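Undergrad: Structure incoming, see below.
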Amino acid sequence: MAIEKENKEIEVRFLEIDKELLVKKLTNLGAEDHGEDLLEEIIFYDKDYKWRDEEKKFVRLRKNKKNTALAYKHHQQENLDGVEEIEFNIIDSDKVELFLERLGLVAYRHQQKKRHTFLLDGVTIDIDTWPKIPTYVELEGTLESALKKVAKKLDLDWKDAVFENARIVIEERYHIPVGSMKWFTFSKFE
């Protein structure tokens, strides 16, 4: 059970933010700037797509300029405590992709987003820009009280907090059927 709690993350999003203003606020508050990066991801589901359609879980292979990581994510409920995530760095992404396919998983969607990451008071602040939707910010940490404190410092109203995962936000709020797309990148959108 200790491992299960250790892999829980608390995350909340605030949509349609002014990135320039938010970066300025974070800088003025002394947040650690971890830089901006382009994240390239492949999302894997089971071959019957029960993970996508019913169970709300997936495996993600993510590359950025520093490393490549493999993650299992399970959105057990749409609230602050509902995400289990197990993530670790890998060396050979091509072999991992082949390994996952041999296990019966399907490389379903290729996607990209630009992410600017900050750290403030133990909370990770990710400013995410996806193709064709307004930029939003995600706060991630281990305690709801810490997320609320940082949100207040950033003038983000907790009543505007969104607890749905990125796919749900993109599909339901911006009407882009990302869950059925094969490519959701800045150069390919199908």
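Following the order of the structure tokens, first chain is A, next is B, and so on, with residues numbered from 1 inside each chain and ligands from 1 in the order they appear.
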Can you pull out the residues contacting Glu32 of chain A? Cut-off 9 Å, using only C-alpha atoms, and skip same-chain residues under 5 positions away; I want them as a VMD selection string.
TA: chain A and resid 26 to 27 117 to 120
Undergrad: Tell me, as a short mmCIF file (atom, residue, chain, number, x, y, z; two decimals) with C-alpha atoms, in the first residue's frame, which residues lie within 9 Å of Ser93 of chain A, counting only C-alpha atoms; anything in the same chain fewer than 6 positions away does not count.
TA:
```
data_model
loop_
_atom_site.label_atom_id
_atom_site.label_comp_id
_atom_site.auth_asym_id
_atom_site.auth_seq_id
_atom_site.Cartn_x
_atom_site.Cartn_y
_atom_site.Cartn_z
CA LEU A 61 6.28 7.21 -23.98
CA ARG A 62 7.57 10.81 -23.70
CA LYS A 63 10.69 12.39 -25.18
CA THR A 68 12.90 9.81 -22.41
CA ALA A 69 10.40 8.46 -19.91
CA LEU A 70 7.77 5.75 -19.80
#
```
Undergrad: Please list as an MDAnalysis selection string every residue within 6 Å of Arg13 of chain A, counting only C-alpha atoms and excluding residues in the same chain fewer than 4 positions away.
TA: chainID A and resid 137:138 161:162
Undergrad: Determine the nearest neighbour of Lys159 of chain A from the options A:Trp130, A:Phe14, A:Phe99, A:Tyr45, counting only C-alpha atoms.
TA: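 Of A:Trp130, A:Phe14, A:Phe99, A:Tyr45, the one nearest Lys159 of chain A, counting only C-alpha atoms, is A:Phe14.
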Undergrad: Can you list, as a PyMOL selection string, all residues belonging to segment 1-150 of chain A that DSSP tags as alpha helix (DSSP H)?
TA: chain A and resi 2-6+19-28+50+93-102+144-150
Undergrad: The selected residues should be written to file as a short mmCIF file (atom, residue, chain, number, x, y, z; two decimals), in the first residue's frame (atoms: N, CA and C atoms).
TA:
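Below is the file part_19.cif, written as the result:
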```cif
data_model
loop_
_atom_site.label_atom_id
_atom_site.label_comp_id
_atom_site.auth_asym_id
_atom_site.auth_seq_id
_atom_site.Cartn_x
_atom_site.Cartn_y
_atom_site.Cartn_z
N ALA A 2 2.02 1.23 0.60
CA ALA A 2 2.88 2.42 0.62
C ALA A 2 3.27 2.82 -0.79
N ILE A 3 3.52 1.85 -1.64
CA ILE A 3 3.89 2.15 -3.03
C ILE A 3 2.73 2.82 -3.74
N GLU A 4 1.52 2.36 -3.51
CA GLU A 4 0.36 2.95 -4.17
C GLU A 4 0.20 4.42 -3.80
N LYS A 5 0.33 4.76 -2.52
CA LYS A 5 0.21 6.15 -2.10
C LYS A 5 1.34 6.98 -2.69
N GLU A 6 2.52 6.41 -2.75
CA GLU A 6 3.69 7.11 -3.27
C GLU A 6 3.49 7.51 -4.73
N LYS A 19 -0.14 33.44 -20.70
CA LYS A 19 1.16 32.85 -20.39
C LYS A 19 2.19 33.91 -20.00
N GLU A 20 2.26 34.98 -20.74
CA GLU A 20 3.25 36.02 -20.47
C GLU A 20 3.07 36.60 -19.06
N LEU A 21 1.84 36.88 -18.71
CA LEU A 21 1.54 37.41 -17.38
C LEU A 21 1.87 36.40 -16.28
N LEU A 22 1.52 35.14 -16.51
CA LEU A 22 1.79 34.10 -15.51
C LEU A 22 3.29 33.90 -15.32
N VAL A 23 4.06 33.90 -16.39
CA VAL A 23 5.52 33.76 -16.28
C VAL A 23 6.09 34.93 -15.48
N LYS A 24 5.58 36.12 -15.72
CA LYS A 24 6.04 37.30 -14.99
C LYS A 24 5.73 37.16 -13.49
N LYS A 25 4.53 36.70 -13.14
CA LYS A 25 4.16 36.49 -11.74
C LYS A 25 5.08 35.46 -11.09
N LEU A 26 5.30 34.36 -11.79
CA LEU A 26 6.16 33.30 -11.24
C LEU A 26 7.58 33.81 -11.00
N THR A 27 8.09 34.57 -11.94
CA THR A 27 9.43 35.15 -11.81
C THR A 27 9.48 36.09 -10.61
N ASN A 28 8.48 36.96 -10.47
CA ASN A 28 8.43 37.90 -9.36
C ASN A 28 8.32 37.20 -8.00
N LYS A 50 -10.33 -0.72 -24.31
CA LYS A 50 -11.06 -0.61 -23.04
C LYS A 50 -10.37 0.38 -22.12
N SER A 93 14.15 4.32 -26.61
CA SER A 93 12.71 4.44 -26.83
C SER A 93 12.20 3.51 -27.93
N ASP A 94 13.01 3.25 -28.94
CA ASP A 94 12.58 2.34 -30.00
C ASP A 94 12.35 0.92 -29.47
N LYS A 95 13.26 0.46 -28.61
CA LYS A 95 13.10 -0.87 -28.02
C LYS A 95 11.90 -0.91 -27.08
N VAL A 96 11.69 0.15 -26.34
CA VAL A 96 10.54 0.19 -25.43
C VAL A 96 9.25 0.17 -26.23
N GLU A 97 9.19 0.92 -27.32
CA GLU A 97 8.00 0.92 -28.16
C GLU A 97 7.73 -0.49 -28.70
N LEU A 98 8.75 -1.17 -29.18
CA LEU A 98 8.62 -2.54 -29.67
C LEU A 98 8.18 -3.47 -28.53
N PHE A 99 8.77 -3.30 -27.36
CA PHE A 99 8.42 -4.11 -26.19
C PHE A 99 6.93 -3.97 -25.86
N LEU A 100 6.44 -2.73 -25.83
CA LEU A 100 5.04 -2.50 -25.51
C LEU A 100 4.12 -3.12 -26.55
N GLU A 101 4.49 -3.01 -27.82
CA GLU A 101 3.68 -3.62 -28.88
C GLU A 101 3.68 -5.14 -28.77
N ARG A 102 4.81 -5.72 -28.38
CA ARG A 102 4.86 -7.18 -28.21
C ARG A 102 4.00 -7.63 -27.02
N GLU A 144 -3.30 19.00 -1.40
CA GLU A 144 -4.30 19.95 -1.90
C GLU A 144 -4.06 21.34 -1.34
N SER A 145 -3.71 21.43 -0.07
CA SER A 145 -3.50 22.74 0.56
C SER A 145 -2.36 23.50 -0.12
N ALA A 146 -1.31 22.79 -0.53
CA ALA A 146 -0.19 23.44 -1.23
C ALA A 146 -0.62 23.96 -2.60
N LEU A 147 -1.44 23.17 -3.30
CA LEU A 147 -1.94 23.61 -4.61
C LEU A 147 -2.80 24.87 -4.46
N LYS A 148 -3.67 24.87 -3.45
CA LYS A 148 -4.53 26.03 -3.23
C LYS A 148 -3.71 27.28 -2.88
N LYS A 149 -2.68 27.09 -2.08
CA LYS A 149 -1.83 28.22 -1.68
C LYS A 149 -1.12 28.82 -2.90
N VAL A 150 -0.56 27.97 -3.75
CA VAL A 150 0.13 28.46 -4.94
C VAL A 150 -0.87 29.08 -5.92
#
```
Undergrad: For Val169 of chain A, please output as number ranges by chain all residues within 12 Å (counting only C-alpha atoms; exclusion window: fewer than 6 positions along the same chain).
TA: A: 12-16, 78, 130, 133-136, 138, 161-163, 175-179
Undergrad: If I take atom CA of Tyr108 of chain A and atom CA of Phe44 of chain A, how far is one from the other in Å, to one decimal?
TA: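 Computed distance, atom CA of Tyr108 of chain A to atom CA of Phe44 of chain A, equals 5.4 Å.
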Undergrad: If we count only C-alpha atoms and set the cut-off at 8 Å, which residues sit around Thr142 of chain A, ignoring sequence neighbours fewer than 2 positions away in its own chain? Please answer as an mmCIF file with C-alpha atoms, in the first residue's frame.
TA:
```
data_model
loop_
_atom_site.group_PDB
_atom_site.id
_atom_site.type_symbol
_atom_site.label_atom_id
_atom_site.label_comp_id
_atom_site.auth_asym_id
_atom_site.auth_seq_id
_atom_site.Cartn_x
_atom_site.Cartn_y
_atom_site.Cartn_z
ATOM 1 C CA LYS A 8 -0.526 9.245 -6.380
ATOM 2 C CA GLU A 9 -0.359 12.734 -7.746
ATOM 3 C CA ILE A 10 -2.672 15.651 -7.256
ATOM 4 C CA VAL A 123 4.352 22.641 -6.384
ATOM 5 C CA GLU A 140 0.843 19.361 -9.494
ATOM 6 C CA GLU A 144 -4.295 19.947 -1.904
ATOM 7 C CA ALA A 146 -0.191 23.443 -1.229
#
```
Undergrad: Name the residues of chain A that fall into strand (DSSP E) according to DSSP on the backbone, using the chain letters and numbers of this document, as a ChimeraX atom specification.
TA: /A:8-14,32-46,57-63,68-75,83-90,105-120,123-129,136-141,183-184
Undergrad: Can you spit out the residues from that selection as a PDB file, in the first residue's frame, using C-alpha atoms?
TA:
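As written to disk, part_25.pdb reads:
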```
ATOM      1  CA  LYS A   8      -0.526   9.245  -6.380  1.00  0.00           C
ATOM      2  CA  GLU A   9      -0.359  12.734  -7.746  1.00  0.00           C
ATOM      3  CA  ILE A  10      -2.672  15.651  -7.256  1.00  0.00           C
ATOM      4  CA  GLU A  11      -3.154  17.836 -10.292  1.00  0.00           C
ATOM      5  CA  VAL A  12      -5.475  20.651 -11.234  1.00  0.00           C
ATOM      6  CA  ARG A  13      -5.738  22.824 -14.348  1.00  0.00           C
ATOM      7  CA  PHE A  14      -6.713  26.426 -14.956  1.00  0.00           C
ATOM      8  CA  GLU A  32      12.506  28.133 -10.050  1.00  0.00           C
ATOM      9  CA  ASP A  33      12.355  28.282 -13.851  1.00  0.00           C
ATOM     10  CA  HIS A  34      13.069  24.829 -15.298  1.00  0.00           C
ATOM     11  CA  GLY A  35      12.740  26.079 -18.855  1.00  0.00           C
ATOM     12  CA  GLU A  36      10.554  25.386 -21.833  1.00  0.00           C
ATOM     13  CA  ASP A  37      10.614  22.212 -23.888  1.00  0.00           C
ATOM     14  CA  LEU A  38       8.779  20.438 -26.676  1.00  0.00           C
ATOM     15  CA  LEU A  39       7.365  17.146 -25.418  1.00  0.00           C
ATOM     16  CA  GLU A  40       6.818  14.412 -27.994  1.00  0.00           C
ATOM     17  CA  GLU A  41       4.621  11.582 -26.812  1.00  0.00           C
ATOM     18  CA  ILE A  42       3.168   8.307 -27.993  1.00  0.00           C
ATOM     19  CA  ILE A  43       0.039   7.133 -26.184  1.00  0.00           C
ATOM     20  CA  PHE A  44      -0.523   3.369 -25.928  1.00  0.00           C
ATOM     21  CA  TYR A  45      -3.796   1.608 -25.165  1.00  0.00           C
ATOM     22  CA  ASP A  46      -4.826  -2.031 -24.978  1.00  0.00           C
ATOM     23  CA  LYS A  57      -5.712   4.477 -18.316  1.00  0.00           C
ATOM     24  CA  PHE A  58      -2.819   4.498 -20.752  1.00  0.00           C
ATOM     25  CA  VAL A  59       0.913   4.112 -21.164  1.00  0.00           C
ATOM     26  CA  ARG A  60       2.845   7.131 -22.365  1.00  0.00           C
ATOM     27  CA  LEU A  61       6.281   7.214 -23.982  1.00  0.00           C
ATOM     28  CA  ARG A  62       7.571  10.807 -23.701  1.00  0.00           C
ATOM     29  CA  LYS A  63      10.692  12.392 -25.180  1.00  0.00           C
ATOM     30  CA  THR A  68      12.905   9.813 -22.406  1.00  0.00           C
ATOM     31  CA  ALA A  69      10.402   8.460 -19.907  1.00  0.00           C
ATOM     32  CA  LEU A  70       7.766   5.746 -19.801  1.00  0.00           C
ATOM     33  CA  ALA A  71       4.661   6.296 -17.679  1.00  0.00           C
ATOM     34  CA  TYR A  72       1.553   4.362 -16.723  1.00  0.00           C
ATOM     35  CA  LYS A  73      -1.361   6.667 -15.836  1.00  0.00           C
ATOM     36  CA  HIS A  74      -4.728   5.651 -14.446  1.00  0.00           C
ATOM     37  CA  HIS A  75      -7.367   8.322 -13.900  1.00  0.00           C
ATOM     38  CA  VAL A  83      -4.546   9.809 -10.627  1.00  0.00           C
ATOM     39  CA  GLU A  84      -2.109   6.961 -10.215  1.00  0.00           C
ATOM     40  CA  GLU A  85       1.128   7.529 -12.099  1.00  0.00           C
ATOM     41  CA  ILE A  86       4.211   5.341 -12.326  1.00  0.00           C
ATOM     42  CA  GLU A  87       6.986   6.926 -14.372  1.00  0.00           C
ATOM     43  CA  PHE A  88      10.623   6.099 -14.973  1.00  0.00           C
ATOM     44  CA  ASN A  89      13.379   7.093 -17.386  1.00  0.00           C
ATOM     45  CA  ILE A  90      14.449   4.806 -20.184  1.00  0.00           C
ATOM     46  CA  LEU A 105      -0.418  -2.573 -26.482  1.00  0.00           C
ATOM     47  CA  VAL A 106      -1.203  -0.355 -29.470  1.00  0.00           C
ATOM     48  CA  ALA A 107       0.719   2.833 -30.275  1.00  0.00           C
ATOM     49  CA  TYR A 108      -2.439   4.815 -30.788  1.00  0.00           C
ATOM     50  CA  ARG A 109      -1.655   8.527 -30.888  1.00  0.00           C
ATOM     51  CA  HIS A 110       1.411  10.683 -31.488  1.00  0.00           C
ATOM     52  CA  GLN A 111       1.118  14.062 -29.808  1.00  0.00           C
ATOM     53  CA  GLN A 112       3.141  17.139 -28.958  1.00  0.00           C
ATOM     54  CA  LYS A 113       2.895  20.020 -26.540  1.00  0.00           C
ATOM     55  CA  LYS A 114       5.136  22.859 -25.495  1.00  0.00           C
ATOM     56  CA  ARG A 115       5.684  22.961 -21.747  1.00  0.00           C
ATOM     57  CA  HIS A 116       7.264  25.634 -19.578  1.00  0.00           C
ATOM     58  CA  THR A 117       7.888  24.305 -16.072  1.00  0.00           C
ATOM     59  CA  PHE A 118       8.366  26.159 -12.802  1.00  0.00           C
ATOM     60  CA  LEU A 119       8.636  25.037  -9.181  1.00  0.00           C
ATOM     61  CA  LEU A 120       7.161  27.146  -6.374  1.00  0.00           C
ATOM     62  CA  VAL A 123       4.352  22.641  -6.384  1.00  0.00           C
ATOM     63  CA  THR A 124       5.185  21.994 -10.035  1.00  0.00           C
ATOM     64  CA  ILE A 125       3.633  24.539 -12.369  1.00  0.00           C
ATOM     65  CA  ASP A 126       3.430  23.390 -15.998  1.00  0.00           C
ATOM     66  CA  ILE A 127       2.301  25.921 -18.582  1.00  0.00           C
ATOM     67  CA  ASP A 128       1.107  23.758 -21.478  1.00  0.00           C
ATOM     68  CA  THR A 129       0.502  24.800 -25.061  1.00  0.00           C
ATOM     69  CA  TYR A 136      -3.468  26.397 -19.793  1.00  0.00           C
ATOM     70  CA  VAL A 137      -1.588  25.836 -16.562  1.00  0.00           C
ATOM     71  CA  GLU A 138      -1.423  22.648 -14.500  1.00  0.00           C
ATOM     72  CA  LEU A 139      -0.471  22.646 -10.832  1.00  0.00           C
ATOM     73  CA  GLU A 140       0.843  19.361  -9.494  1.00  0.00           C
ATOM     74  CA  GLY A 141       1.906  18.347  -6.017  1.00  0.00           C
ATOM     75  CA  TRP A 183      -1.705  12.639 -34.812  1.00  0.00           C
ATOM     76  CA  PHE A 184      -2.140  15.642 -32.543  1.00  0.00           C
TER      77      PHE A 184
END
```
Undergrad: Hey, which of A:Asp155, A:Asn67, A:Gln76, A:Gly104 ends up closest to Glu55 of chain A? Count only C-alpha atoms.
TA: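 Closest candidate: A:Gln76.
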